[in-house]
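Here's run28.cif, which has mmCIF, C-alpha atoms and all ligand atoms:
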```cif
data_query
loop_
_atom_site.label_atom_id
_atom_site.label_comp_id
_atom_site.auth_asym_id
_atom_site.auth_seq_id
_atom_site.Cartn_x
_atom_site.Cartn_y
_atom_site.Cartn_z
CA MET V 85 0.00 0.00 0.00
CA LEU V 86 1.49 3.30 -1.15
CA ILE V 87 0.19 6.71 -0.11
CA ARG V 88 1.42 9.96 -1.62
CA ILE V 89 0.89 13.11 0.45
CA GLN V 90 1.17 15.60 -2.33
CA GLY V 91 2.41 19.17 -2.55
CA GLY V 92 2.27 20.26 1.09
CA ARG V 93 4.68 22.49 2.98
CA VAL V 94 6.68 19.80 4.74
CA ILE V 95 8.17 20.98 8.03
CA ASP V 96 10.38 18.73 10.13
CA PRO V 97 11.69 21.30 12.64
CA GLY V 98 15.38 22.06 12.40
CA ARG V 99 15.74 19.70 9.43
CA ILE V 100 13.49 20.55 6.53
CA ASP V 101 10.98 23.19 5.48
CA LEU V 102 10.06 22.84 1.83
CA ILE V 103 7.27 22.04 -0.60
CA ALA V 104 7.43 18.29 -1.08
CA ASP V 105 5.63 15.02 -1.55
CA ILE V 106 5.86 12.38 1.14
CA ILE V 107 5.59 8.76 0.10
CA VAL V 108 4.29 6.33 2.70
CA GLU V 109 4.54 2.59 2.17
CA ASP V 110 2.59 0.47 4.65
CA ASP V 111 3.64 1.82 8.06
CA LYS V 112 6.77 3.73 7.01
CA ILE V 113 7.81 6.96 5.33
CA VAL V 114 9.87 5.84 2.35
CA ASP V 115 10.63 9.11 0.60
CA VAL V 116 10.39 12.89 0.88
CA ILE V 117 10.56 14.37 -2.62
CA ALA V 118 11.24 18.10 -2.85
CA LEU V 119 9.22 19.90 -5.52
CA ASP V 120 10.59 22.87 -7.36
CA PRO V 121 7.67 25.28 -7.68
CA ALA V 122 9.52 27.22 -10.43
CA LYS V 123 9.61 24.12 -12.59
CA ASP V 124 6.02 23.16 -11.81
CA ASP V 125 7.24 19.62 -11.10
CA LYS V 126 4.92 16.81 -11.90
CA PRO V 127 5.64 14.50 -9.01
CA GLU V 128 4.16 11.53 -10.85
CA SER V 129 7.23 11.51 -13.08
CA GLN V 130 9.55 10.92 -10.15
CA VAL V 131 8.17 7.70 -8.73
CA THR V 132 7.64 4.55 -10.71
CA ASP V 133 5.61 2.55 -8.15
CA PRO V 134 1.86 2.83 -8.53
CA VAL V 135 0.38 5.00 -5.81
CA SER V 136 -2.79 3.55 -4.37
CA GLN V 137 -3.92 6.72 -2.59
CA THR V 138 -3.12 10.38 -3.07
CA ILE V 139 -3.75 12.98 -0.39
CA ASP V 140 -3.75 16.52 -1.72
CA ALA V 141 -1.87 18.68 0.80
CA THR V 142 -1.58 21.78 -1.36
CA GLY V 143 -1.68 24.85 0.87
CA LYS V 144 -1.40 22.67 3.98
CA ILE V 145 1.35 22.03 6.54
CA VAL V 146 2.67 18.47 6.69
CA CYS V 147 4.60 17.81 9.91
CA PRO V 148 5.77 15.04 12.22
CA GLY V 149 2.90 13.51 14.17
CA LEU V 150 2.07 15.80 17.08
CA ILE V 151 2.66 14.46 20.60
CA ASP V 152 0.75 15.68 23.64
CA MET V 153 2.91 14.67 26.56
CA HIS V 154 0.35 15.56 29.24
CA VAL V 155 -3.19 14.17 29.16
CA HIS V 156 -5.57 12.53 31.60
CA LEU V 157 -7.59 9.73 30.02
CA ARG V 158 -9.51 8.78 33.23
CA GLU V 159 -9.61 5.04 32.51
CA PRO V 160 -9.51 2.96 34.63
CA GLY V 161 -11.89 4.37 37.22
CA HIS V 162 -13.63 7.43 35.80
CA GLU V 163 -14.96 6.27 32.45
CA HIS V 164 -17.89 8.71 32.63
CA LYS V 165 -15.34 11.51 32.00
CA GLU V 166 -13.18 9.86 29.34
CA THR V 167 -12.06 6.42 28.25
CA ILE V 168 -8.83 5.42 26.63
CA GLU V 169 -10.74 4.95 23.39
CA SER V 170 -12.58 8.30 23.50
CA GLY V 171 -9.41 10.11 24.56
CA ALA V 172 -7.33 8.49 21.83
CA ARG V 173 -9.99 9.45 19.28
CA ALA V 174 -10.16 13.02 20.60
CA ALA V 175 -6.38 13.14 20.27
CA ALA V 176 -6.50 11.97 16.65
CA TRP V 177 -9.23 14.55 15.87
CA GLY V 178 -7.00 17.15 17.47
CA GLY V 179 -4.08 16.27 15.21
CA PHE V 180 -2.13 14.25 17.77
CA THR V 181 -0.59 10.95 16.77
CA ALA V 182 0.41 10.21 20.36
CA VAL V 183 -0.45 11.22 23.90
CA CYS V 184 1.07 10.49 27.29
CA ALA V 185 -1.54 9.27 29.78
CA MET V 186 -0.95 10.46 33.33
CA PRO V 187 -1.17 7.85 36.09
CA ASN V 188 -3.81 9.42 38.38
CA THR V 189 -6.46 6.87 37.47
CA GLU V 190 -8.31 4.51 39.82
CA PRO V 191 -6.44 2.31 40.43
CA VAL V 192 -3.31 4.42 39.98
CA ASN V 193 -0.90 3.38 37.23
CA ASP V 194 1.77 2.33 39.70
CA ASN V 195 1.89 -1.30 38.57
CA CYS V 196 2.09 -3.34 35.39
CA GLN V 197 -1.53 -4.52 35.43
CA VAL V 198 -2.71 -0.95 34.91
CA THR V 199 0.04 -0.13 32.41
CA GLU V 200 -0.82 -3.20 30.37
CA LEU V 201 -4.56 -2.47 30.51
CA ILE V 202 -3.93 1.00 29.10
CA LEU V 203 -1.75 -0.36 26.30
CA ARG V 204 -4.29 -3.08 25.45
CA LYS V 205 -7.22 -0.65 25.26
CA ALA V 206 -5.16 1.88 23.31
CA ALA V 207 -4.22 -0.75 20.72
CA ARG V 208 -7.92 -1.49 20.18
CA ALA V 209 -8.89 2.19 19.84
CA ASN V 210 -7.38 2.50 16.35
CA ALA V 211 -6.63 6.17 16.97
CA ALA V 212 -3.69 8.04 18.52
CA ARG V 213 -0.93 6.10 20.25
CA VAL V 214 -1.14 6.15 24.03
CA TYR V 215 2.10 6.16 26.01
CA PRO V 216 1.43 5.36 29.67
CA VAL V 217 3.15 7.43 32.34
CA GLY V 218 3.75 5.52 35.56
CA ALA V 219 3.50 6.94 39.06
CA ILE V 220 6.56 8.12 40.98
CA SER V 221 5.12 6.97 44.31
CA LEU V 222 2.81 4.08 45.16
CA GLY V 223 -0.79 5.29 45.06
CA LEU V 224 0.51 8.82 44.34
CA GLU V 225 0.85 9.07 48.11
CA GLY V 226 4.33 10.55 48.09
CA ARG V 227 5.73 8.00 50.53
CA GLN V 228 7.26 5.03 48.73
CA LEU V 229 8.83 4.91 45.27
CA CYS V 230 7.29 2.65 42.63
CA ASN V 231 9.39 -0.01 40.98
CA PHE V 232 10.55 2.09 38.01
CA GLU V 233 12.43 -0.75 36.38
CA HIS V 234 9.35 -2.96 36.41
CA LEU V 235 7.14 -0.14 35.10
CA LYS V 236 9.57 0.63 32.30
CA THR V 237 9.69 -3.02 31.24
CA CYS V 238 5.88 -2.98 31.00
CA GLY V 239 5.87 0.09 28.77
CA VAL V 240 5.75 3.37 30.68
CA VAL V 241 7.68 6.16 28.93
CA ALA V 242 8.03 8.43 31.98
CA VAL V 243 7.04 8.70 35.63
CA SER V 244 5.03 11.41 37.37
CA ASP V 245 2.77 11.89 40.39
CA ASP V 246 0.89 14.50 38.34
CA GLY V 247 -2.15 15.83 40.11
CA ASN V 248 -0.07 15.64 43.27
CA PRO V 249 3.33 17.14 43.96
CA VAL V 250 6.10 15.04 45.47
CA MET V 251 6.25 17.06 48.67
CA ASP V 252 9.06 15.04 50.28
CA ASP V 253 12.41 16.46 49.05
CA ALA V 254 14.28 13.28 49.89
CA LEU V 255 11.81 11.13 47.96
CA MET V 256 12.17 13.42 44.91
CA HIS V 257 15.94 13.08 45.21
CA LYS V 258 15.61 9.28 45.26
CA ALA V 259 13.16 9.37 42.34
CA LEU V 260 15.43 11.44 40.11
CA ALA V 261 18.48 9.31 40.95
CA ALA V 262 16.61 6.05 40.28
CA ALA V 263 15.03 7.33 37.07
CA LYS V 264 18.40 8.54 35.79
CA THR V 265 19.95 5.07 35.86
CA LEU V 266 16.98 3.77 33.85
CA GLN V 267 16.91 6.78 31.49
CA LEU V 268 13.28 7.27 32.46
CA PRO V 269 12.06 10.89 32.28
CA VAL V 270 10.53 12.37 35.45
CA ILE V 271 7.65 14.82 34.96
CA SER V 272 7.10 17.05 37.97
CA HIS V 273 3.83 18.64 39.04
CA CYS V 274 5.22 21.62 40.96
CA GLU V 275 3.01 22.71 43.82
CA ASP V 276 3.87 23.33 47.45
CA LEU V 277 0.68 22.27 49.22
CA ASN V 278 1.65 24.16 52.38
CA LEU V 279 1.74 27.37 50.38
CA VAL V 280 -1.50 26.58 48.51
CA ALA V 281 -3.24 26.39 51.90
CA GLY V 282 -6.76 25.92 50.59
CA GLY V 283 -6.57 28.42 47.72
CA VAL V 284 -8.84 27.79 44.73
CA MET V 285 -7.78 30.42 42.16
CA ASN V 286 -4.89 32.78 41.47
CA ALA V 287 -4.22 35.19 44.33
CA GLY V 288 -4.91 38.74 43.18
CA SER V 289 -7.58 41.32 42.54
CA VAL V 290 -9.99 38.93 40.79
CA ALA V 291 -9.87 36.48 43.71
CA ALA V 292 -10.42 39.38 46.10
CA GLU V 293 -13.39 40.63 44.07
CA LEU V 294 -14.93 37.15 43.93
CA GLN V 295 -14.08 36.52 47.57
CA LEU V 296 -12.25 33.29 46.74
CA ALA V 297 -9.12 32.04 48.50
CA GLY V 298 -5.99 32.77 46.46
CA ILE V 299 -3.07 30.59 45.33
CA SER V 300 0.26 32.44 45.32
CA ASN V 301 2.82 32.22 42.50
CA THR V 302 5.31 31.01 45.11
CA SER V 303 3.37 27.77 45.58
CA GLU V 304 4.59 26.81 42.09
CA SER V 305 7.95 28.56 41.80
CA ALA V 306 9.26 27.35 45.17
CA MET V 307 8.77 23.78 43.97
CA VAL V 308 10.29 24.54 40.55
CA ALA V 309 13.37 25.85 42.41
CA ARG V 310 13.45 22.67 44.54
CA ASP V 311 13.30 20.43 41.47
CA ILE V 312 16.02 22.40 39.69
CA ALA V 313 18.23 22.03 42.78
CA VAL V 314 17.60 18.27 42.98
CA SER V 315 18.25 17.90 39.26
CA GLU V 316 21.54 19.77 39.63
CA ALA V 317 22.56 17.70 42.64
CA THR V 318 21.79 14.35 41.02
CA GLY V 319 22.66 15.28 37.43
CA ALA V 320 19.31 13.74 36.52
CA PRO V 321 16.88 15.32 34.05
CA VAL V 322 13.56 16.70 35.25
CA HIS V 323 10.65 17.96 33.17
CA ILE V 324 8.45 20.64 34.76
CA ALA V 325 4.77 20.24 33.89
CA HIS V 326 2.28 23.05 33.18
CA VAL V 327 4.40 26.13 33.97
CA SER V 328 2.12 29.06 34.84
CA THR V 329 4.13 31.80 36.57
CA ALA V 330 6.70 34.45 35.64
CA GLU V 331 8.91 33.33 38.55
CA SER V 332 8.97 29.74 37.29
CA VAL V 333 9.96 30.92 33.81
CA ALA V 334 12.80 33.01 35.30
CA ALA V 335 14.05 30.06 37.37
CA LEU V 336 13.96 27.75 34.35
CA ARG V 337 15.78 30.30 32.21
CA ALA V 338 18.54 30.56 34.82
CA ALA V 339 18.77 26.74 35.05
CA LYS V 340 19.06 26.44 31.29
CA SER V 341 21.78 29.08 31.18
CA LYS V 342 23.76 26.72 33.48
CA ASN V 343 23.07 23.84 31.06
CA LEU V 344 21.14 21.88 33.66
CA ALA V 345 19.03 18.97 32.40
CA VAL V 346 15.76 20.79 33.00
CA THR V 347 12.92 21.01 30.48
CA ALA V 348 9.46 22.51 30.75
CA GLU V 349 6.01 22.64 29.24
CA THR V 350 3.08 25.01 29.38
CA ALA V 351 -0.50 24.70 28.12
CA PRO V 352 -2.52 26.94 25.78
CA HIS V 353 -4.68 28.32 28.59
CA TYR V 354 -1.61 29.79 30.30
CA PHE V 355 -0.56 31.81 27.25
CA LEU V 356 -4.11 32.76 26.21
CA LEU V 357 -6.12 33.36 29.39
CA THR V 358 -5.70 35.15 32.70
CA ASP V 359 -7.55 34.81 36.00
CA ALA V 360 -10.06 37.34 34.65
CA ALA V 361 -11.59 34.39 32.72
CA VAL V 362 -12.94 33.05 36.03
CA LYS V 363 -15.46 35.92 35.97
CA ASN V 364 -17.16 34.86 32.73
CA ARG V 365 -16.20 31.18 32.37
CA GLY V 366 -16.63 30.19 36.01
CA THR V 367 -15.57 26.63 36.82
CA HIS V 368 -14.50 26.10 33.19
CA ALA V 369 -11.65 28.45 34.07
CA LYS V 370 -10.68 26.48 37.18
CA MET V 371 -7.52 24.43 36.88
CA ASN V 372 -4.37 23.60 38.79
CA PRO V 373 -2.10 25.52 38.53
CA PRO V 374 -4.65 28.32 38.22
CA LEU V 375 -4.89 30.88 35.43
CA ARG V 376 -2.57 33.70 36.46
CA SER V 377 -2.12 37.44 35.92
CA GLU V 378 -1.40 39.32 32.71
CA LYS V 379 2.24 39.66 33.82
CA ASP V 380 2.53 35.87 34.09
CA ARG V 381 0.81 35.32 30.76
CA ALA V 382 3.34 37.66 29.10
CA ALA V 383 6.23 35.84 30.81
CA ILE V 384 4.94 32.45 29.55
CA ARG V 385 4.88 33.86 25.99
CA GLN V 386 8.41 35.20 26.42
CA GLY V 387 9.51 31.79 27.75
CA LEU V 388 8.01 30.09 24.69
CA ALA V 389 9.67 32.59 22.37
CA ASP V 390 13.20 32.30 23.81
CA GLY V 391 13.11 28.52 24.19
CA THR V 392 12.92 28.43 28.00
CA ILE V 393 9.65 26.51 27.60
CA ASP V 394 10.34 23.51 25.36
CA VAL V 395 6.89 22.02 24.96
CA ILE V 396 3.22 22.89 24.56
CA ALA V 397 1.03 20.19 26.13
CA THR V 398 -2.67 20.34 26.89
CA ASP V 399 -3.09 18.91 30.42
CA HIS V 400 -6.35 17.56 28.92
CA ALA V 401 -8.41 16.99 32.07
CA PRO V 402 -11.95 15.79 31.33
CA HIS V 403 -14.68 16.27 33.92
CA SER V 404 -18.40 15.72 33.62
CA GLU V 405 -21.02 18.40 34.18
CA ARG V 406 -21.56 17.01 37.68
CA GLU V 407 -17.99 17.87 38.75
CA LYS V 408 -18.14 21.37 37.22
CA ALA V 409 -21.74 22.58 37.78
CA VAL V 410 -21.08 23.32 41.45
CA ALA V 411 -19.74 26.23 43.52
CA PHE V 412 -16.31 27.38 42.31
CA ASP V 413 -14.46 26.27 45.42
CA GLN V 414 -16.05 22.81 45.20
CA ALA V 415 -15.45 22.24 41.45
CA ALA V 416 -12.90 19.83 40.02
CA ASN V 417 -9.71 21.27 38.52
CA GLY V 418 -8.95 21.11 34.81
CA ILE V 419 -10.18 21.59 31.27
CA ILE V 420 -10.14 19.49 28.12
CA GLY V 421 -7.63 20.50 25.48
CA LEU V 422 -6.94 17.85 22.85
CA GLU V 423 -9.34 19.12 20.19
CA SER V 424 -8.54 22.82 20.45
CA ALA V 425 -4.78 22.84 21.16
CA VAL V 426 -3.49 23.10 17.59
CA SER V 427 -5.80 25.99 16.70
CA LEU V 428 -5.16 27.79 20.00
CA SER V 429 -1.40 27.35 19.68
CA LEU V 430 -1.41 28.63 16.11
CA THR V 431 -2.43 32.03 17.54
CA LEU V 432 1.19 32.28 18.75
CA VAL V 433 2.30 32.04 15.12
CA HIS V 434 -0.38 34.44 13.83
CA GLU V 435 0.70 36.95 16.51
CA GLY V 436 4.41 36.55 15.71
CA VAL V 437 5.39 35.14 19.13
CA ILE V 438 7.05 32.03 17.65
CA SER V 439 7.56 30.68 14.14
CA LEU V 440 5.52 27.85 12.65
CA SER V 441 8.56 25.60 12.80
CA GLU V 442 9.09 26.42 16.49
CA LEU V 443 5.44 25.67 17.21
CA ILE V 444 5.62 22.31 15.49
CA ALA V 445 8.84 21.51 17.39
CA LYS V 446 7.16 22.29 20.72
CA MET V 447 4.31 19.92 19.82
CA SER V 448 6.28 17.07 18.19
CA THR V 449 10.06 16.77 18.12
CA GLN V 450 10.69 18.43 21.50
CA PRO V 451 8.36 16.19 23.52
CA ALA V 452 9.77 13.23 21.57
CA ARG V 453 13.33 14.22 22.51
CA ILE V 454 12.41 14.58 26.20
CA LEU V 455 10.57 11.25 26.21
CA GLY V 456 13.13 9.42 24.08
CA ILE V 457 10.61 8.35 21.44
CA GLU V 458 10.86 8.38 17.66
CA CYS V 459 9.52 11.41 15.78
CA GLY V 460 10.26 13.00 12.42
CA LEU V 461 9.77 12.74 8.69
CA LYS V 462 12.94 10.89 7.72
CA PRO V 463 12.68 8.01 5.24
CA GLY V 464 12.55 4.81 7.26
CA ALA V 465 10.66 6.43 10.14
CA SER V 466 7.21 5.32 11.23
CA ALA V 467 4.56 7.16 9.19
CA ASP V 468 3.19 9.27 12.05
CA ILE V 469 2.15 12.44 10.28
CA THR V 470 -0.15 15.39 10.97
CA ILE V 471 -1.56 17.66 8.26
CA ILE V 472 -2.71 21.12 9.29
CA ASP V 473 -4.76 23.63 7.34
CA PRO V 474 -3.25 26.93 8.57
CA ASN V 475 -5.88 29.19 7.04
CA VAL V 476 -9.33 27.76 7.71
CA VAL V 477 -11.34 29.93 10.11
CA TYR V 478 -13.93 28.26 12.33
CA ASP V 479 -15.73 28.57 15.65
CA VAL V 480 -14.88 26.09 18.41
CA ASP V 481 -17.97 24.01 19.20
CA VAL V 482 -17.55 21.58 22.09
CA ASN V 483 -20.58 19.63 20.90
CA HIS V 484 -18.49 18.37 17.98
CA PHE V 485 -15.73 17.06 20.23
CA LYS V 486 -14.98 13.36 20.42
CA SER V 487 -14.00 13.69 24.06
CA LEU V 488 -16.72 12.52 26.45
CA SER V 489 -16.41 15.78 28.39
CA ARG V 490 -17.27 19.38 27.55
CA ASN V 491 -15.30 21.41 30.11
CA CYS V 492 -13.61 23.82 27.71
CA PRO V 493 -13.40 27.59 28.26
CA PHE V 494 -12.70 28.16 24.55
CA ASP V 495 -16.16 27.10 23.37
CA GLY V 496 -17.35 29.65 20.82
CA TRP V 497 -13.89 31.12 20.12
CA ARG V 498 -13.21 31.96 16.48
CA LEU V 499 -9.83 30.48 15.53
CA LYS V 500 -7.67 30.25 12.42
CA GLY V 501 -6.06 26.96 11.41
CA ARG V 502 -6.82 23.40 12.45
CA PRO V 503 -5.64 19.85 11.90
CA CYS V 504 -7.19 18.15 8.90
CA LEU V 505 -5.56 14.71 8.81
CA THR V 506 -3.84 12.46 11.32
CA MET V 507 -1.87 9.38 10.27
CA VAL V 508 -0.51 6.85 12.76
CA SER V 509 1.84 4.17 11.50
CA GLY V 510 0.61 4.73 7.93
CA LYS V 511 -3.08 4.47 8.88
CA ILE V 512 -5.37 7.49 8.56
CA VAL V 513 -7.08 7.81 11.96
CA PHE V 514 -8.65 11.22 11.31
CA ASN V 515 -9.52 12.89 8.03
CA ALA V 516 -11.44 16.17 8.15
CA ALA V 517 -12.60 15.82 4.55
CA GLU V 518 -14.35 12.54 5.34
CA GLU V 519 -15.63 13.88 8.62
CA CYS V 520 -17.32 16.80 6.83
CA LYS V 521 -18.90 14.45 4.31
CA ASP V 522 -20.35 12.29 7.08
CA SER V 523 -21.96 15.06 9.05
ZN ZN V 601 -0.39 18.56 37.20
#
```
In structure tokens, write the structure found in this file.
Amino acid sequence: MLIRIQGGRVIDPGRIDLIADIIVEDDKIVDVIALDPAKDDKPESQVTDPVSQTIDATGKIVCPGLIDMHVHLREPGHEHKETIESGARAAAWGGFTAVCAMPNTEPVNDNCQVTELILRKAARANAARVYPVGAISLGLEGRQLCNFEHLKTCGVVAVSDDGNPVMDDALMHKALAAAKTLQLPVISHCEDLNLVAGGVMNAGSVAAELQLAGISNTSESAMVARDIAVSEATGAPVHIAHVSTAESVAALRAAKSKNLAVTAETAPHYFLLTDAAVKNRGTHAKMNPPLRSEKDRAAIRQGLADGTIDVIATDHAPHSEREKAVAFDQAANGIIGLESAVSLSLTLVHEGVISLSELIAKMSTQPARILGIECGLKPGASADITIIDPNVVYDVDVNHFKSLSRNCPFDGWRLKGRPCLTMVSGKIVFNAAEECKDS
């Protein structure tokens, strides 16, 4: 089976950016053929094998399959919010060929039975790949380390207690040292619970106006500083999840200037929204870490622009109406992100904050590098490919989402650019053209 992806702008960050055809045979990329627009190349003349399917990518971006390294798929335990299948489908519809599933399920992914269940269900979903992330501590309780070696053998690509911080400094030290010997990335949810002290939204004038308990920036940045120190002491890499504050960005920038093995991600809501969104979006603007001030939002953008923040991830956190249609201080934290992330992140390109190639890197090759997984458009590589239409303008409508949940503050936003085809291992798992025909 041969597929030709024809005439798109092929971007493999740092390697190629040209108009080209990509030839896929079965599950692999076999060729990337540059087209010379001046010569009006007829690509048919360059390949002798019969092509069984042609995908017209004229005017589109063809890039390595996007990877969302931070999602919550809720299965096992909370299948009313999301399942592995619905989450993997939502990912494919959002242009992602792979997602990393955080371990805060019920039971927790701190053992191989859960890891293997996730992999089994993901294989059946016929959508995006799902890479399980194992827990750092048993039951996410922050007391006893999991057996990282065992988890890695069963298929986890990283470890994290995400949802909870590792409050015990000594345990984090042990975790980083143990993970280093196994070359297993550690993803840290940075939050000092003593400093959070019951806060439910960003500390500041909006919290004061709404009479809600505030969460200080220090609750995040103090823990970022701790993790940088432990990384420096152990020489072990650490990846900081969902960076939200200016102080965290400054600390990461300083760490990177010392060449420490520290990487970081943020999510679209932190570079697009501020705590003011709580006033009109209510609990759909409640997440952890919380939406911050305009100063923080600007610092996150600066961190993305100068490379301090390596990755854009969604922190896709599905919740049902029942967990969100309650008083703000009682509501669950988090929003869904898989099906809006590409369009939302493209605003950074439209506004000149980062280049298209930088954006694609932050959503594909950078997470792949941190996780140690294959990614790219080289001949011989797995045919994991995303095609993006950079120009289509549309309104976000959560009712069209494949996710089982609807907790998205961007519902109704008019956005420019969206994924139109997702290919995993040579198989088309999402095709906007077909989707439009069906509906
Ligand atoms: Zn987290």
Ligand ZN 601 (chain V) neighbours within 7 Å using all atoms listed in the file, as a compact mmCIF listing (two decimals) with C-alpha atoms, in the coordinates of the input:
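What landed in out.txt:
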```txt
# COMPACT_ATOMS: atom_id res chain seq x y z
CA ASP V 246 0.89 14.50 38.34
CA GLY V 247 -2.15 15.83 40.11
CA ASN V 248 -0.07 15.64 43.27
CA HIS V 273 3.83 18.64 39.04
CA ALA V 325 4.77 20.24 33.89
CA HIS V 326 2.28 23.05 33.18
CA ASN V 372 -4.37 23.60 38.79
```
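For the choices V:Asn210, V:Gly464, V:Pro503, V:Glu293, the atom-to-atom distance to Glu109 (chain V) is smallest for V:Gly464 when using all atoms listed in the file.
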Can you list, as number ranges by chain, every protein, DNA or RNA residue that comes within 9 Å of Thr302 (chain V) when you count only C-alpha atoms, leaving out same-chain residues fewer than 4 positions away?
V: 275-276, 279-280, 306-307, 329, 331-332
Long-range neighbours of Ala172 (chain V) as a list in words, 8 Å cut-off, all atoms listed in the file, 3 positions minimum in chain
Ile168, Glu169, Ala175, Ala176, Val183, Ala206, Ala209, Ala211, Ala212, Arg213 and Val214 of chain V
Please produce a file of the residues just selected, as a PDB file, in the frame of the given file, where the atoms kept are C-alpha atoms.
```pdb
ATOM      1  CA  ILE V 168      -8.830   5.420  26.630  1.00  0.00           C
ATOM      2  CA  GLU V 169     -10.740   4.950  23.390  1.00  0.00           C
ATOM      3  CA  ALA V 175      -6.380  13.140  20.270  1.00  0.00           C
ATOM      4  CA  ALA V 176      -6.500  11.970  16.650  1.00  0.00           C
ATOM      5  CA  VAL V 183      -0.450  11.220  23.900  1.00  0.00           C
ATOM      6  CA  ALA V 206      -5.160   1.880  23.310  1.00  0.00           C
ATOM      7  CA  ALA V 209      -8.890   2.190  19.840  1.00  0.00           C
ATOM      8  CA  ALA V 211      -6.630   6.170  16.970  1.00  0.00           C
ATOM      9  CA  ALA V 212      -3.690   8.040  18.520  1.00  0.00           C
ATOM     10  CA  ARG V 213      -0.930   6.100  20.250  1.00  0.00           C
ATOM     11  CA  VAL V 214      -1.140   6.150  24.030  1.00  0.00           C
TER      12      VAL V 214
END
```
Spatial neighbours of region 154-156 of chain V, max dist 6 Å, only C-alpha atoms, sep filter under 4 positions, as a tab-separated table (two decimals) with C-alpha atoms, keeping the file's coordinate frame:
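Final output, out24.tsv:
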```tsv
chain	number	residue	atom	x	y	z
V	184	CYS	CA	1.07	10.49	27.29
V	185	ALA	CA	-1.54	9.27	29.78
V	186	MET	CA	-0.95	10.46	33.33
V	397	ALA	CA	1.03	20.19	26.13
V	399	ASP	CA	-3.09	18.91	30.42
V	400	HIS	CA	-6.35	17.56	28.92
V	401	ALA	CA	-8.41	16.99	32.07
```
So which residues are close to (5.0, 24.0, 4.0), meaning at most 9 Å away in the file's coordinates with only C-alpha atoms counted, and can you show them as a ChimeraX atom specification?
/V:91-95,101-104,142-147
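Going from CA of Asp413 (chain V) over to CA of Arg227 (chain V), you cover 27.7 Å.
Between CA of Gln295 (chain V) and CA of Met251 (chain V) lies a distance of 28.2 Å.
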Neighbours of Arg490 (chain V) within 8 Å (all atoms listed in the file; same-chain residues fewer than 6 positions away dropped), as JSON, numbers by chain?
{"V": [402, 403, 404, 405, 420, 482, 483]}
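Among the candidates V:Arg173, V:Lys112, V:His234, V:Arg99, the one nearest to Pro463 (chain V) when counting all atoms listed in the file is V:Lys112.
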Considering all atoms listed in the file, return as a list in words whatever protein or nucleic-acid residues lie within 9 Å of region 507-515 of chain V, sequence-local ones (same chain, fewer than 5 positions apart) excluded.
Ile87, Val108, Glu109, Asp110, Asp111, Lys112, Ile113, Gly149, Arg173, Ala176, Trp177, Gly178, Gly179, Phe180, Thr181, Ala182, Asn210, Ala211, Ala212, Arg213, Ser466, Ala467, Asp468, Ile469, Thr470, Ile471 and Cys520 of chain V
Using all atoms listed in the file, give me every residue within 6 Å of (5.3, 6.3, 32.6) in file coordinates, as a ChimeraX atom specification.
/V:216-218,240-243
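What separates CA of Asp253 (chain V) from CA of Pro373 (chain V) is a distance of 20.1 Å.
Here the question is which of V:Ser448, V:Ser315, V:Ser328, V:Ser487 gets nearest to Lys342 (chain V) using only C-alpha atoms, and that residue is V:Ser315.
If you measure from each of V:Asn278, V:Val426, V:Val333, V:His257 to Asp311 (chain V) using only C-alpha atoms, the closest one turns out to be V:His257.
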Which residue of V:Asn491, V:Asn231, V:Asn364, V:Ser303 approaches Ser424 (chain V) most closely, using all atoms listed in the file:
V:Asn491
